[in-house]
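Shown here: structure_18.pdb, PDB, C-alpha atoms and all ligand atoms.
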MODEL        1
ATOM      1  CA  MET J   1      27.447  71.183-104.542
ATOM      2  CA  PHE J   2      28.771  72.112-101.130
ATOM      3  CA  ASN J   3      32.409  71.138-100.647
ATOM      4  CA  LEU J   4      34.051  71.536 -97.299
ATOM      5  CA  ILE J   5      37.514  70.870 -95.867
ATOM      6  CA  LEU J   6      37.872  69.899 -92.243
ATOM      7  CA  PHE J   7      41.415  70.882 -91.349
ATOM      8  CA  GLY J   8      43.682  70.499 -88.346
ATOM      9  CA  PRO J   9      46.666  68.610 -86.951
ATOM     10  CA  PRO J  10      46.630  64.855 -86.252
ATOM     11  CA  GLY J  11      44.391  64.220 -83.258
ATOM     12  CA  SER J  12      42.445  67.460 -83.606
ATOM     13  CA  GLY J  13      39.157  65.572 -83.947
ATOM     14  CA  LYS J  14      38.623  65.679 -87.713
ATOM     15  CA  GLY J  15      37.432  62.068 -87.913
ATOM     16  CA  THR J  16      35.011  62.392 -84.989
ATOM     17  CA  GLN J  17      33.507  65.649 -86.235
ATOM     18  CA  SER J  18      33.379  64.421 -89.849
ATOM     19  CA  GLU J  19      31.071  61.564 -88.849
ATOM     20  CA  LYS J  20      28.644  64.036 -87.281
ATOM     21  CA  ILE J  21      28.795  66.584 -90.112
ATOM     22  CA  MET J  22      28.355  63.909 -92.771
ATOM     23  CA  ALA J  23      25.254  62.539 -90.993
ATOM     24  CA  GLN J  24      23.697  65.987 -90.531
ATOM     25  CA  TYR J  25      24.420  67.524 -93.944
ATOM     26  CA  GLY J  26      24.462  64.459 -96.183
ATOM     27  CA  LEU J  27      27.970  65.050 -97.487
ATOM     28  CA  LYS J  28      30.223  62.302 -98.825
ATOM     29  CA  HIS J  29      33.143  61.842 -96.420
ATOM     30  CA  LEU J  30      36.524  61.467 -98.131
ATOM     31  CA  SER J  31      39.319  60.752 -95.654
ATOM     32  CA  THR J  32      42.703  60.080 -97.235
ATOM     33  CA  GLY J  33      43.845  58.394 -93.998
ATOM     34  CA  ASP J  34      40.897  55.951 -94.183
ATOM     35  CA  LEU J  35      41.391  55.393 -97.925
ATOM     36  CA  LEU J  36      45.102  54.671 -97.402
ATOM     37  CA  ARG J  37      44.427  52.286 -94.507
ATOM     38  CA  SER J  38      41.947  50.419 -96.669
ATOM     39  CA  GLU J  39      44.551  50.135 -99.454
ATOM     40  CA  ILE J  40      46.971  48.715 -96.866
ATOM     41  CA  ALA J  41      44.376  46.244 -95.566
ATOM     42  CA  ASN J  42      43.783  45.067 -99.144
ATOM     43  CA  GLN J  43      47.541  44.823 -99.721
ATOM     44  CA  THR J  44      47.430  46.808-102.949
ATOM     45  CA  ALA J  45      50.600  48.199-104.537
ATOM     46  CA  LEU J  46      49.487  51.692-103.533
ATOM     47  CA  GLY J  47      48.934  50.515 -99.960
ATOM     48  CA  LEU J  48      52.340  48.878 -99.741
ATOM     49  CA  GLU J  49      54.024  52.047-100.952
ATOM     50  CA  ALA J  50      52.024  54.313 -98.640
ATOM     51  CA  LYS J  51      52.658  52.147 -95.576
ATOM     52  CA  GLN J  52      56.389  52.834 -95.640
ATOM     53  CA  PHE J  53      55.725  56.543 -95.152
ATOM     54  CA  MET J  54      52.818  56.182 -92.725
ATOM     55  CA  ASP J  55      54.781  53.898 -90.373
ATOM     56  CA  LYS J  56      57.352  56.666 -89.962
ATOM     57  CA  GLY J  57      54.766  59.405 -89.500
ATOM     58  CA  GLU J  58      55.716  60.987 -92.839
ATOM     59  CA  LEU J  59      53.362  62.240 -95.515
ATOM     60  CA  VAL J  60      52.649  59.915 -98.437
ATOM     61  CA  PRO J  61      53.868  61.455-101.758
ATOM     62  CA  ASP J  62      51.478  63.988-103.302
ATOM     63  CA  ALA J  63      51.022  62.069-106.571
ATOM     64  CA  VAL J  64      49.769  59.004-104.692
ATOM     65  CA  VAL J  65      47.101  60.792-102.645
ATOM     66  CA  ILE J  66      46.050  63.120-105.458
ATOM     67  CA  GLY J  67      45.435  60.124-107.754
ATOM     68  CA  MET J  68      43.439  58.420-105.035
ATOM     69  CA  ILE J  69      41.249  61.477-104.368
ATOM     70  CA  SER J  70      40.739  62.059-108.065
ATOM     71  CA  SER J  71      39.277  58.597-108.569
ATOM     72  CA  SER J  72      37.144  58.930-105.420
ATOM     73  CA  ILE J  73      35.662  62.172-106.732
ATOM     74  CA  ASP J  74      34.991  60.561-110.112
ATOM     75  CA  SER J  75      33.284  57.543-108.594
ATOM     76  CA  ASN J  76      30.837  59.695-106.584
ATOM     77  CA  GLU J  77      28.959  61.469-109.349
ATOM     78  CA  SER J  78      25.683  62.552-107.808
ATOM     79  CA  VAL J  79      26.561  63.550-104.255
ATOM     80  CA  LYS J  80      25.425  66.745-102.519
ATOM     81  CA  GLY J  81      29.020  67.607-101.747
ATOM     82  CA  PHE J  82      32.272  66.320-100.315
ATOM     83  CA  LEU J  83      33.705  66.604 -96.843
ATOM     84  CA  PHE J  84      37.478  66.370 -97.223
ATOM     85  CA  ASP J  85      39.237  65.091 -94.096
ATOM     86  CA  GLY J  86      43.030  64.849 -93.962
ATOM     87  CA  PHE J  87      43.294  66.268 -97.473
ATOM     88  CA  PRO J  88      44.739  68.533 -98.827
ATOM     89  CA  ARG J  89      47.849  68.254 -96.653
ATOM     90  CA  THR J  90      50.300  70.229 -98.821
ATOM     91  CA  PRO J  91      49.858  73.351-100.987
ATOM     92  CA  ALA J  92      50.444  71.133-104.074
ATOM     93  CA  GLN J  93      47.532  68.922-103.010
ATOM     94  CA  ALA J  94      45.386  72.031-102.489
ATOM     95  CA  GLU J  95      46.101  73.261-106.018
ATOM     96  CA  ALA J  96      45.402  69.821-107.453
ATOM     97  CA  LEU J  97      42.092  69.674-105.569
ATOM     98  CA  ASP J  98      41.073  73.105-106.839
ATOM     99  CA  ASN J  99      41.768  71.930-110.389
ATOM    100  CA  LEU J 100      39.728  68.759-109.936
ATOM    101  CA  LEU J 101      36.800  70.715-108.484
ATOM    102  CA  GLU J 102      37.064  73.338-111.206
ATOM    103  CA  LEU J 103      36.127  70.568-113.653
ATOM    104  CA  LYS J 104      32.967  69.990-111.598
ATOM    105  CA  LYS J 105      32.283  73.727-111.305
ATOM    106  CA  ALA J 106      32.086  73.146-107.564
ATOM    107  CA  PRO J 107      34.833  74.922-105.635
ATOM    108  CA  ILE J 108      35.657  74.550-101.939
ATOM    109  CA  SER J 109      33.140  76.636 -99.988
ATOM    110  CA  VAL J 110      35.011  76.785 -96.728
ATOM    111  CA  MET J 111      37.910  75.350 -94.733
ATOM    112  CA  LEU J 112      37.020  74.774 -91.094
ATOM    113  CA  ALA J 113      40.279  74.607 -89.131
ATOM    114  CA  LEU J 114      40.362  72.979 -85.694
ATOM    115  CA  ASP J 115      42.785  74.587 -83.264
ATOM    116  CA  VAL J 116      44.267  72.315 -80.557
ATOM    117  CA  SER J 117      47.457  72.691 -78.475
ATOM    118  CA  GLU J 118      50.348  70.310 -79.159
ATOM    119  CA  GLU J 119      50.346  68.741 -75.687
ATOM    120  CA  GLU J 120      46.624  68.006 -75.960
ATOM    121  CA  LEU J 121      47.228  66.393 -79.400
ATOM    122  CA  VAL J 122      49.903  64.027 -78.079
ATOM    123  CA  LYS J 123      47.700  63.091 -75.118
ATOM    124  CA  ARG J 124      44.714  62.340 -77.352
ATOM    125  CA  LEU J 125      46.719  60.313 -79.874
ATOM    126  CA  MET J 126      48.406  58.181 -77.207
ATOM    127  CA  LYS J 127      44.975  57.533 -75.700
ATOM    128  CA  ARG J 128      43.502  56.654 -79.101
ATOM    129  CA  GLY J 129      46.418  54.233 -79.586
ATOM    130  CA  GLU J 130      45.143  52.136 -76.679
ATOM    131  CA  THR J 131      42.059  51.144 -78.665
ATOM    132  CA  SER J 132      42.357  52.228 -82.320
ATOM    133  CA  GLY J 133      44.618  49.406 -83.459
ATOM    134  CA  ARG J 134      46.604  52.065 -85.359
ATOM    135  CA  SER J 135      50.324  51.457 -84.980
ATOM    136  CA  ASP J 136      51.055  55.129 -85.748
ATOM    137  CA  ASP J 137      49.162  56.083 -82.567
ATOM    138  CA  THR J 138      51.118  53.917 -80.117
ATOM    139  CA  ASN J 139      54.615  55.295 -80.616
ATOM    140  CA  GLU J 140      55.339  58.783 -79.293
ATOM    141  CA  VAL J 141      58.228  59.240 -81.754
ATOM    142  CA  VAL J 142      55.853  58.614 -84.680
ATOM    143  CA  ILE J 143      53.220  60.906 -83.155
ATOM    144  CA  ARG J 144      55.755  63.735 -82.792
ATOM    145  CA  ALA J 145      56.903  63.111 -86.394
ATOM    146  CA  ARG J 146      53.300  63.465 -87.632
ATOM    147  CA  ILE J 147      52.890  66.725 -85.756
ATOM    148  CA  SER J 148      56.147  68.042 -87.176
ATOM    149  CA  GLU J 149      55.084  67.047 -90.723
ATOM    150  CA  TYR J 150      51.918  69.012 -90.026
ATOM    151  CA  LEU J 151      53.827  72.093 -88.900
ATOM    152  CA  ASN J 152      56.418  71.897 -91.707
ATOM    153  CA  LYS J 153      54.242  70.950 -94.673
ATOM    154  CA  THR J 154      50.537  71.054 -93.863
ATOM    155  CA  ALA J 155      50.026  74.274 -91.897
ATOM    156  CA  ALA J 156      50.751  76.204 -95.128
ATOM    157  CA  VAL J 157      47.556  74.808 -96.642
ATOM    158  CA  ALA J 158      45.609  77.181 -94.373
ATOM    159  CA  ASP J 159      47.564  80.118 -95.881
ATOM    160  CA  TYR J 160      46.661  78.855 -99.329
ATOM    161  CA  TYR J 161      42.906  79.039 -98.596
ATOM    162  CA  GLN J 162      43.330  82.202 -96.524
ATOM    163  CA  GLN J 163      44.259  84.095 -99.707
ATOM    164  CA  PHE J 164      40.723  83.339-100.942
ATOM    165  CA  ASP J 165      39.298  84.230 -97.525
ATOM    166  CA  LYS J 166      37.939  80.717 -97.056
ATOM    167  CA  VAL J 167      39.340  79.798 -93.618
ATOM    168  CA  LYS J 168      37.330  79.715 -90.389
ATOM    169  CA  MET J 169      39.206  78.860 -87.191
ATOM    170  CA  ILE J 170      37.285  76.801 -84.636
ATOM    171  CA  LYS J 171      38.414  76.052 -81.093
ATOM    172  CA  GLY J 172      39.095  72.302 -81.087
ATOM    173  CA  GLU J 173      39.196  71.876 -77.296
ATOM    174  CA  GLY J 174      36.114  71.391 -75.145
ATOM    175  CA  SER J 175      33.365  68.792 -75.447
ATOM    176  CA  ILE J 176      32.731  67.007 -78.746
ATOM    177  CA  ASP J 177      29.234  68.504 -78.904
ATOM    178  CA  GLU J 178      30.411  72.016 -78.127
ATOM    179  CA  ILE J 179      32.973  71.864 -80.934
ATOM    180  CA  TYR J 180      30.367  70.354 -83.258
ATOM    181  CA  GLN J 181      27.910  73.202 -82.523
ATOM    182  CA  ASN J 182      30.572  75.752 -83.448
ATOM    183  CA  LEU J 183      31.305  73.912 -86.698
ATOM    184  CA  CYS J 184      27.577  73.812 -87.539
ATOM    185  CA  LEU J 185      27.233  77.551 -86.906
ATOM    186  CA  GLU J 186      29.840  78.253 -89.594
ATOM    187  CA  ILE J 187      28.352  75.743 -92.046
ATOM    188  CA  ASP J 188      24.835  77.132 -91.561
ATOM    189  CA  LYS J 189      26.081  80.675 -92.145
ATOM    190  CA  ILE J 190      27.248  79.600 -95.583
ATOM    191  CA  LEU J 191      24.273  77.425 -96.464
ATOM    192  CA  ASN J 192      21.651  79.972 -95.406
TER
HETATM  193  P1  LIG J 201      45.950  61.753 -88.472
HETATM  194  O1  LIG J 201      45.574  63.045 -89.096
HETATM  195  O2  LIG J 201      45.191  61.453 -87.220
HETATM  196  O3  LIG J 201      47.432  61.559 -88.301
HETATM  197  P2  LIG J 201      45.132  60.321 -90.890
HETATM  198  O4  LIG J 201      44.327  59.099 -90.791
HETATM  199  O5  LIG J 201      44.523  61.515 -91.514
HETATM  200  O6  LIG J 201      45.564  60.570 -89.397
HETATM  201  O7  LIG J 201      46.512  60.009 -91.666
HETATM  202  C1  LIG J 201      47.357  58.962 -91.291
HETATM  203  C2  LIG J 201      48.618  58.978 -92.149
HETATM  204  O8  LIG J 201      48.257  58.793 -93.537
HETATM  205  C3  LIG J 201      49.409  60.277 -92.142
HETATM  206  O9  LIG J 201      50.325  60.325 -91.064
HETATM  207  C4  LIG J 201      50.106  60.229 -93.512
HETATM  208  O10 LIG J 201      51.224  59.380 -93.479
HETATM  209  C5  LIG J 201      49.076  59.581 -94.408
HETATM  210  N1  LIG J 201      48.216  60.574 -95.102
HETATM  211  C6  LIG J 201      46.887  60.766 -94.905
HETATM  212  N2  LIG J 201      46.408  61.741 -95.706
HETATM  213  C7  LIG J 201      47.477  62.184 -96.431
HETATM  214  C8  LIG J 201      47.652  63.199 -97.414
HETATM  215  N3  LIG J 201      46.626  63.957 -97.844
HETATM  216  N4  LIG J 201      48.891  63.386 -97.939
HETATM  217  C9  LIG J 201      49.928  62.632 -97.532
HETATM  218  N5  LIG J 201      49.832  61.683 -96.597
HETATM  219  C10 LIG J 201      48.635  61.440 -96.049
ENDMDL
END
Go ahead and express the file in the form of structure tokens.
Ligand code: ADP
Amino acid sequence: MFNLILFGPPGSGKGTQSEKIMAQYGLKHLSTGDLLRSEIANQTALGLEAKQFMDKGELVPDAVVIGMISSSIDSNESVKGFLFDGFPRTPAQAEALDNLLELKKAPISVMLALDVSEEELVKRLMKRGETSGRSDDTNEVVIRARISEYLNKTAAVADYYQQFDKVKMIKGEGSIDEIYQNLCLEIDKILN
């Protein structure tokens, strides 16, 4: 199995690049943001709980997302590998993920981290809000809160994987294709 984490702040392009990587390398895309939004759309108890945090731009509690990822991993038995997008977002989530993958004897191969300036992030998210239908993209206060959650809680996840020398930084500004080519270069280095 080839398991990869696409990492970066909100608006850094993880979703866009995930679609391309998944198509090219045949990985199963697991996005906690997408999974949570689908729980909300289906009005499940988990979705109702998560929504209260998401509407404020705060992280959903670790136990909720870890449980969700655990069942997603279990229900995808024979995949080539997973592309984790938006997860792990705290060091506790990273440790939980390592434990889950340990059971599969399939550790994380690499974390590809997209680097984008804060002003560019806000610009992109506000723009996405015009069409995405995501309420957390239309309010600048919520956008800033998400970025500050990232800086306060999520950035440390890169340090966690850095200790195992698994982090590759990729410039997340430029054209979508240019960024994608740079991501592919790193993936191919590992696969070949
Ligand atoms: P973005 O990264 O563009 O903000 P996501 O779709 O990844 O968007 O996440 C949207 C929201 O869902 C986050 O602001 C957060 O509230 C919640 N969320 C997603 N993934 C996680 C996670 N791994 N841990 C906690 N909360 C999460």
Write as an mmCIF file with C-alpha atoms, in the frame of the given file the residues around ligand LIG 201 (chain J), taking 7 Å as the cut-off and counting only C-alpha atoms and all ligand atoms.
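Result file result_7.cif:
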data_model
loop_
_atom_site.group_PDB
_atom_site.id
_atom_site.type_symbol
_atom_site.label_atom_id
_atom_site.label_comp_id
_atom_site.auth_asym_id
_atom_site.auth_seq_id
_atom_site.Cartn_x
_atom_site.Cartn_y
_atom_site.Cartn_z
ATOM 1 C CA PRO J 9 46.666 68.610 -86.951
ATOM 2 C CA PRO J 10 46.630 64.855 -86.252
ATOM 3 C CA GLY J 11 44.391 64.220 -83.258
ATOM 4 C CA SER J 31 39.319 60.752 -95.654
ATOM 5 C CA THR J 32 42.703 60.080 -97.235
ATOM 6 C CA GLY J 33 43.845 58.394 -93.998
ATOM 7 C CA ASP J 34 40.897 55.951 -94.183
ATOM 8 C CA LEU J 36 45.102 54.671 -97.402
ATOM 9 C CA PHE J 53 55.725 56.543 -95.152
ATOM 10 C CA MET J 54 52.818 56.182 -92.725
ATOM 11 C CA GLY J 57 54.766 59.405 -89.500
ATOM 12 C CA GLU J 58 55.716 60.987 -92.839
ATOM 13 C CA LEU J 59 53.362 62.240 -95.515
ATOM 14 C CA VAL J 60 52.649 59.915 -98.437
ATOM 15 C CA PRO J 61 53.868 61.455 -101.758
ATOM 16 C CA ASP J 62 51.478 63.988 -103.302
ATOM 17 C CA VAL J 65 47.101 60.792 -102.645
ATOM 18 C CA ASP J 85 39.237 65.091 -94.096
ATOM 19 C CA GLY J 86 43.030 64.849 -93.962
ATOM 20 C CA PHE J 87 43.294 66.268 -97.473
ATOM 21 C CA PRO J 88 44.739 68.533 -98.827
ATOM 22 C CA ARG J 89 47.849 68.254 -96.653
ATOM 23 C CA ARG J 146 53.300 63.465 -87.632
#
Which residues, written as a PyMOL selection string, have at least one atom at most 12 Å from J:Gln24, with only C-alpha atoms counted and residues fewer than 3 positions away on the same chain left out?
-> chain J and resi 17-21+27-29+83+180-181+183-184+187-188
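Put simply, the PyMOL selection byres (((chain J and resi 37) around 12) and not hetatm) on this file hits Ser31, Thr32, Gly33, Asp34, Leu35, Leu36, Ser38, Glu39, Ile40, Ala41, Asn42, Gln43, Thr44, Leu46, Gly47, Leu48, Glu49, Ala50, Lys51, Met54, Asp55, Val60, Gly133, Arg134, Ser135 and Asp136 of chain J.
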Contacts of stretch 155-175 of chain J with stretch 113-125 of chain J up to 7 Å, shortest pair per row, all atoms listed in the file, as CSV:
residue,atom,partner,partner_atom,distance
J:Val167,CA,J:Ala113,CA,6.9
J:Lys168,CA,J:Ala113,CA,6.0
J:Met169,CA,J:Ala113,CA,4.8
J:Ile170,CA,J:Leu114,CA,5.0
J:Lys171,CA,J:Asp115,CA,5.1
J:Gly172,CA,J:Leu114,CA,4.8
J:Glu173,CA,J:Val116,CA,6.0
May I have the residues within 12 Å of J:Asp165 as a list in words, using all atoms listed in the file and disregarding those fewer than 6 positions away in the same chain?
-> Ile108, Ser109, Val110, Met111, Leu112, Ala158 and Asp159 of chain J
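Note that the spacing between atom CA of J:Pro91 and atom CA of J:Ile5 amounts to 13.6 Å.
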Of the residues J:Asn99, J:Ser12, J:Thr138, J:Asn76, which is the one nearest to J:Ile176, using all atoms listed in the file?
->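 Result for the nearest residue to J:Ile176: J:Ser12.
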Residue nearest J:Ile147 - candidates J:Met1, J:Ser175, J:Gly8, J:Asp74, atoms counted: only C-alpha atoms = J:Gly8
Between atom CA of J:Tyr161 and atom CA of J:Gln93 lies a distance of 12.0 Å
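Shortest atom-to-atom contact with J:Ile69 among J:Leu30, J:Lys56, J:Ala45, J:Ala145: J:Leu30, counting all atoms listed in the file.
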I would like the residues chosen by the PyMOL selection byres (((chain J and resi 80) around 9) and not hetatm) on the shown file; could you give them as a compact mmCIF listing (two decimals) with C-alpha atoms, keeping the file's coordinate frame?
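result-v2.txt, written as the output of this step:
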# COMPACT_ATOMS: atom_id res chain seq x y z
CA MET J 1 27.45 71.18 -104.54
CA PHE J 2 28.77 72.11 -101.13
CA ASN J 3 32.41 71.14 -100.65
CA TYR J 25 24.42 67.52 -93.94
CA GLY J 26 24.46 64.46 -96.18
CA LEU J 27 27.97 65.05 -97.49
CA LYS J 28 30.22 62.30 -98.82
CA SER J 78 25.68 62.55 -107.81
CA VAL J 79 26.56 63.55 -104.26
CA GLY J 81 29.02 67.61 -101.75
CA PHE J 82 32.27 66.32 -100.32
Per-axis box centre and lengths in Å around stretch 181-188 of chain J, 8 Å margin per side, axis-aligned, as lines of an AutoDock Vina configuration file:
center_x = 28.1
center_y = 75.7
center_z = -87.3
size_x = 22.5
size_y = 21.1
size_z = 25.5
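Relative to atom CA of J:Ile66, atom CA of J:Val142 is found at 23.4 Å.
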J:Val141 proximity check over J:Met126, J:Gln163, J:Ala155, J:Gly67, using all atoms listed in the file: winner is J:Met126
Find, counting all atoms listed in the file, the residue in J:Arg144, J:Ala23, J:Phe84, J:Ala94 that gets nearest to J:Phe7.
-> J:Phe84
Of the candidates J:Ala63, J:Gly15, J:Glu95, J:Ser71, which shows the shortest atom-to-atom distance to J:Val157, using all atoms listed in the file?
->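 Closest to J:Val157 of all the choices is J:Glu95.
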